[in-house]
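Trainee: Encoded as structure tokens, here's the structure I'll be asking about.
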Amino acid sequence: MSDMKDTNHLIILDEIESPEEPVIDLILKKVIQTKNTYVIGTSNQRFMITQYKKYGMKMNRMTETEAFSFFQFAEYSREDVTTLAKKLDCLPLALSFTATYIKNTQTSIENYIHLLENDEISEHILGVDLVFQLFNLILQRLQNDLTKKVQCVLSYAPYFVYDNISVMLKSLLPDFLLEGEKEAEINNLIITLRKYSVAVVKGYGERRSISIHSMTCLAIRKNKTKEQIKQEVSYLLKHYCFIMDLDLRLIESIKRNVCYLSHATLLLEKLHSYLDTNVFQMRRYKSFLCCAIGVTFRMYGNAELSSYDYLDRAKNIIFDLIKFQPKISVYPFTSTDPVLYLKGCSVLQKDTEDIFDRLVKESEQKMTKDFVQTFLANKFRSSREMELFEKYANGEINKNEIKHFKLTSYKTKKRGNMEKIFAPFKSIKETFLVDLLISIMHESSKHKWWMESTNSMVTEYGNNETKMDSLTDSQFAYNLAVWLQCYFKKSYKNYLPIAALVEHRDGIIRFLRSERTVSTKNLHKIIQRLNEMQGEGSSTLFYTYGALKMAPKFTLYHKCMINRALLKCCFIEWRERKSEKYLEKAILQAQTLNEIAITMREDLLICMMIYLEIAETYLLFPTKNNIDQAKQKYKKAFELQSTFGGILLTTQYHFNLYQQYIHFCLKFGNLEDLNDARKISVEMRERCVQQKRKQAIGDNLIKIEDRTKSKVSLVINECYLCIIYRKVKVCIYKRGNAKPKRKQKTTRLITNAP
């Protein structure tokens, strides 16, 4: 309390209707009695003189000289400026906008006052209402200076995070425009916004972002009808679902999702006040967008709990849609048998069959063919998908017909040779929700496993008794994927969903990670099955959401994951038998993975993880050569993460890389490695937000300092022994009348010693 009395305090009360309101009156009476507490109150109302005397002093308005300073760009008389300032109630923001308008339109003060009078601005209009009136004049000029094509981008501003509007939102421009035309429109928008001082631009090129004055967004929104707002929000909800990807293996997908992340989360927060989210169409889009946001948070920043929340929301929307209540207490089940481990308990298997039937039935009744066609046409496709489409469309698609990584509606309507690219609309319509729930469960399982393995799952977060664990989510995804594959085999034999292959493959990897020991029989079965899956991936066309996703020569990621699983099998064999044969087998498998990583230039994140696993393999038997090989792989991983452009520098993935490298430096590193470890740790600590990670980094720095001191002491002791050894040799030579040889190596060692 003594600190409270010894320091000054400022309280700001914004938008006071009246100082005589009971709560405000009580606060002010308390404050008046203290000498070191001050209050600033703002209001759109003019108060009575008696109120100013009772509660404090009235602050002076902007002076004529201060108001005149806004208009020094031209020769205006003080009388004209004073008249205008009084008209604007001497508000600094109003004067600033007015000066900008007059300067850019070359309008005289007299004409501007005439405009205000026509707009019926009177002395009774104050504060925000006054500024809105002034801003309408600026908005009219903006519309005159902008084409109708780019006006739509500005019209969506009220639904964006004002201070982070990326220029990549040029995706809101019509698709018939070429890329260069879109860039020109956005550049014109930026120039015009800056011209009227309603926006600030940061960065260059594709990394530019626009910070728009909040008053711009408020003024634009105030001029909209309820029906306009409803239509625009509905459009943006669909747009985010089309533009944000659920598959973030490629760096281009991660960067794109991050650009839209904050805007999409803001839209979801306000969705209930704009639209009826109980409608089937809204639920479908909302669940998809929640999943996309959850996936992005999983990859980006210190956002473990945010990812957990959005993926859970996506899942619950689907469960509510089909009126399904999970039997949480019955599901937990594990087994040392890999097949049973993947399937889960009998109750869970039965429930997934029930869920599958309900989802197909719900889709048959409420999903439309138009939705399927719109989704396929407008979905943003990665460069790899586009290459895949071009190859298997048998001449139906070429690069000139692809607009901004999207397919035209005409192409999706026209079947012909396109049947190799898209499954029949009917099947997509019936299984869309199944595909979506599999995606949600798959991503949720991976994220929960990460949280569980890194102790990031906090018990305070929600009611964990009603939450599924990572294994249960994985088992749900696997069983649903099996039912989906059976459905396609029965009705559409030429279209195999990729979900079953992915869930089987990732389920095996999860099993290998979770089991400390695996029987020889089961291990051989797993290795055989992995090799079979690798063959399947190189000879079959696989689909997801009805669109071609994987085909021969497009299986690099799948091949990589299979080989990571095979490497894990080698680890288990080495751990069980400690035989040189299995060590050589593990290193050969690591070298195979290394060859794959060299060709996976776009899958930077997975490459980073590959290099960590290769380094770990070499350290199974830490000879000098193997330690050097491991060090090279760690450095390769750090080089890769830097190419993300800062996107993943604070993620759990990067922190895992950091921790492994520091552990390596402490155990095997020399003084140079320890110095690198110190620099990296200091940078990580500055960037880090979470306290637990900061503490871990601080502990690492202490260990690095201790290890460095011991290394320096060792070097000094070695130097000292060399000096003694040299002196002894000189004495021996002198006794034998022989001339001693100079030891250059010893001299250099002494010179370089810290």
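Letters A, B, ... go to the chains of the structure tokens in the order shown; residues in each chain start at 1; ligands are counted from 1 in the same order.
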Env of Cys291 (chain A): 9 Å cut, atoms = only C-alpha atoms, seq-sep filter 5 positions within chain, self excluded. Answer as a ChimeraX atom specification.
Mentor: /A:246,286,296,307,310-315,436,439-440,443-444
Trainee: Store the residues of this selection in a file with N, CA, C and O atoms, as a PDB file, in the first residue's frame.
Mentor:
ATOM      1  N   LEU A 246      -6.563 -27.456 -45.375  1.00  0.00           N
ATOM      2  CA  LEU A 246      -6.434 -28.379 -44.245  1.00  0.00           C
ATOM      3  C   LEU A 246      -5.131 -29.174 -44.329  1.00  0.00           C
ATOM      4  O   LEU A 246      -4.732 -29.814 -43.370  1.00  0.00           O
ATOM      5  N   LYS A 286     -18.804 -23.573 -41.071  1.00  0.00           N
ATOM      6  CA  LYS A 286     -18.195 -23.206 -39.794  1.00  0.00           C
ATOM      7  C   LYS A 286     -17.276 -24.317 -39.284  1.00  0.00           C
ATOM      8  O   LYS A 286     -16.174 -24.053 -38.805  1.00  0.00           O
ATOM      9  N   THR A 296      -3.911 -24.545 -38.578  1.00  0.00           N
ATOM     10  CA  THR A 296      -2.934 -23.455 -38.702  1.00  0.00           C
ATOM     11  C   THR A 296      -2.322 -23.120 -37.346  1.00  0.00           C
ATOM     12  O   THR A 296      -1.113 -22.935 -37.233  1.00  0.00           O
ATOM     13  N   SER A 307      -5.360 -24.184 -30.867  1.00  0.00           N
ATOM     14  CA  SER A 307      -5.583 -25.286 -31.802  1.00  0.00           C
ATOM     15  C   SER A 307      -6.528 -26.316 -31.187  1.00  0.00           C
ATOM     16  O   SER A 307      -7.476 -26.787 -31.827  1.00  0.00           O
ATOM     17  N   TYR A 310     -10.195 -24.926 -31.282  1.00  0.00           N
ATOM     18  CA  TYR A 310     -10.868 -24.851 -32.585  1.00  0.00           C
ATOM     19  C   TYR A 310     -11.138 -26.236 -33.172  1.00  0.00           C
ATOM     20  O   TYR A 310     -12.191 -26.460 -33.784  1.00  0.00           O
ATOM     21  N   LEU A 311     -10.203 -27.166 -33.002  1.00  0.00           N
ATOM     22  CA  LEU A 311     -10.440 -28.521 -33.501  1.00  0.00           C
ATOM     23  C   LEU A 311     -11.579 -29.182 -32.729  1.00  0.00           C
ATOM     24  O   LEU A 311     -12.384 -29.931 -33.300  1.00  0.00           O
ATOM     25  N   ASP A 312     -11.658 -28.904 -31.431  1.00  0.00           N
ATOM     26  CA  ASP A 312     -12.746 -29.441 -30.621  1.00  0.00           C
ATOM     27  C   ASP A 312     -14.090 -28.845 -31.053  1.00  0.00           C
ATOM     28  O   ASP A 312     -15.106 -29.538 -31.116  1.00  0.00           O
ATOM     29  N   ARG A 313     -14.097 -27.547 -31.349  1.00  0.00           N
ATOM     30  CA  ARG A 313     -15.323 -26.895 -31.820  1.00  0.00           C
ATOM     31  C   ARG A 313     -15.767 -27.480 -33.160  1.00  0.00           C
ATOM     32  O   ARG A 313     -16.974 -27.712 -33.378  1.00  0.00           O
ATOM     33  N   ALA A 314     -14.817 -27.728 -34.040  1.00  0.00           N
ATOM     34  CA  ALA A 314     -15.139 -28.309 -35.354  1.00  0.00           C
ATOM     35  C   ALA A 314     -15.790 -29.682 -35.189  1.00  0.00           C
ATOM     36  O   ALA A 314     -16.785 -30.003 -35.852  1.00  0.00           O
ATOM     37  N   LYS A 315     -15.226 -30.476 -34.283  1.00  0.00           N
ATOM     38  CA  LYS A 315     -15.743 -31.825 -34.028  1.00  0.00           C
ATOM     39  C   LYS A 315     -17.156 -31.775 -33.436  1.00  0.00           C
ATOM     40  O   LYS A 315     -18.057 -32.508 -33.866  1.00  0.00           O
ATOM     41  N   LEU A 436     -14.729 -34.665 -43.856  1.00  0.00           N
ATOM     42  CA  LEU A 436     -14.443 -33.551 -42.954  1.00  0.00           C
ATOM     43  C   LEU A 436     -14.192 -34.037 -41.536  1.00  0.00           C
ATOM     44  O   LEU A 436     -13.225 -33.608 -40.895  1.00  0.00           O
ATOM     45  N   SER A 439     -10.832 -35.664 -41.258  1.00  0.00           N
ATOM     46  CA  SER A 439      -9.785 -34.629 -41.215  1.00  0.00           C
ATOM     47  C   SER A 439      -9.676 -34.024 -39.816  1.00  0.00           C
ATOM     48  O   SER A 439      -8.576 -33.829 -39.290  1.00  0.00           O
ATOM     49  N   ILE A 440     -10.827 -33.713 -39.215  1.00  0.00           N
ATOM     50  CA  ILE A 440     -10.836 -33.099 -37.881  1.00  0.00           C
ATOM     51  C   ILE A 440     -10.231 -34.045 -36.860  1.00  0.00           C
ATOM     52  O   ILE A 440      -9.375 -33.657 -36.056  1.00  0.00           O
ATOM     53  N   GLU A 443      -6.367 -34.496 -37.395  1.00  0.00           N
ATOM     54  CA  GLU A 443      -5.580 -33.352 -36.926  1.00  0.00           C
ATOM     55  C   GLU A 443      -5.643 -33.227 -35.405  1.00  0.00           C
ATOM     56  O   GLU A 443      -4.651 -32.901 -34.755  1.00  0.00           O
ATOM     57  N   SER A 444      -6.813 -33.467 -34.839  1.00  0.00           N
ATOM     58  CA  SER A 444      -6.977 -33.407 -33.382  1.00  0.00           C
ATOM     59  C   SER A 444      -6.103 -34.443 -32.691  1.00  0.00           C
ATOM     60  O   SER A 444      -5.464 -34.166 -31.674  1.00  0.00           O
TER      61      SER A 444
END
Trainee: Please give the complete set of residues from region 443-622 of chain A that DSSP, run on the backbone, assigns to strand (DSSP E), formatted as a PyMOL selection string.
Mentor: chain A and resi 496-497+542-544+547-550
Trainee: For Val482 (chain A), which residue among A:Arg575, A:Lys694, A:Arg564, A:Lys343 is the nearest when counting only C-alpha atoms?
Mentor: A:Lys343
Trainee: Excluding Arg249 (chain A) and any residue of its chain fewer than 2 positions from it, enumerate the residues within 8 Å of it, using only C-alpha atoms, and give them as an MDAnalysis selection string.
Mentor: chainID A and resid 247 251 253:254 603:606
Trainee: Pick from A:Val347, A:Ile317, A:Leu189, A:Val201: nearest to Thr147 (chain A), with only C-alpha atoms counted?
Mentor: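 The shortest atom-to-atom distance to Thr147 (chain A) comes from A:Leu189.
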Trainee: So how far away is CA of Ser171 (chain A) from CA of Ala219 (chain A), in Å?
Mentor: 23.6 Å
Trainee: Using only C-alpha atoms, which of the listed residues (A:Tyr300, A:Tyr611, A:Phe319, A:Trp574) sits closest to Ala590 (chain A)?
Mentor: A:Tyr611
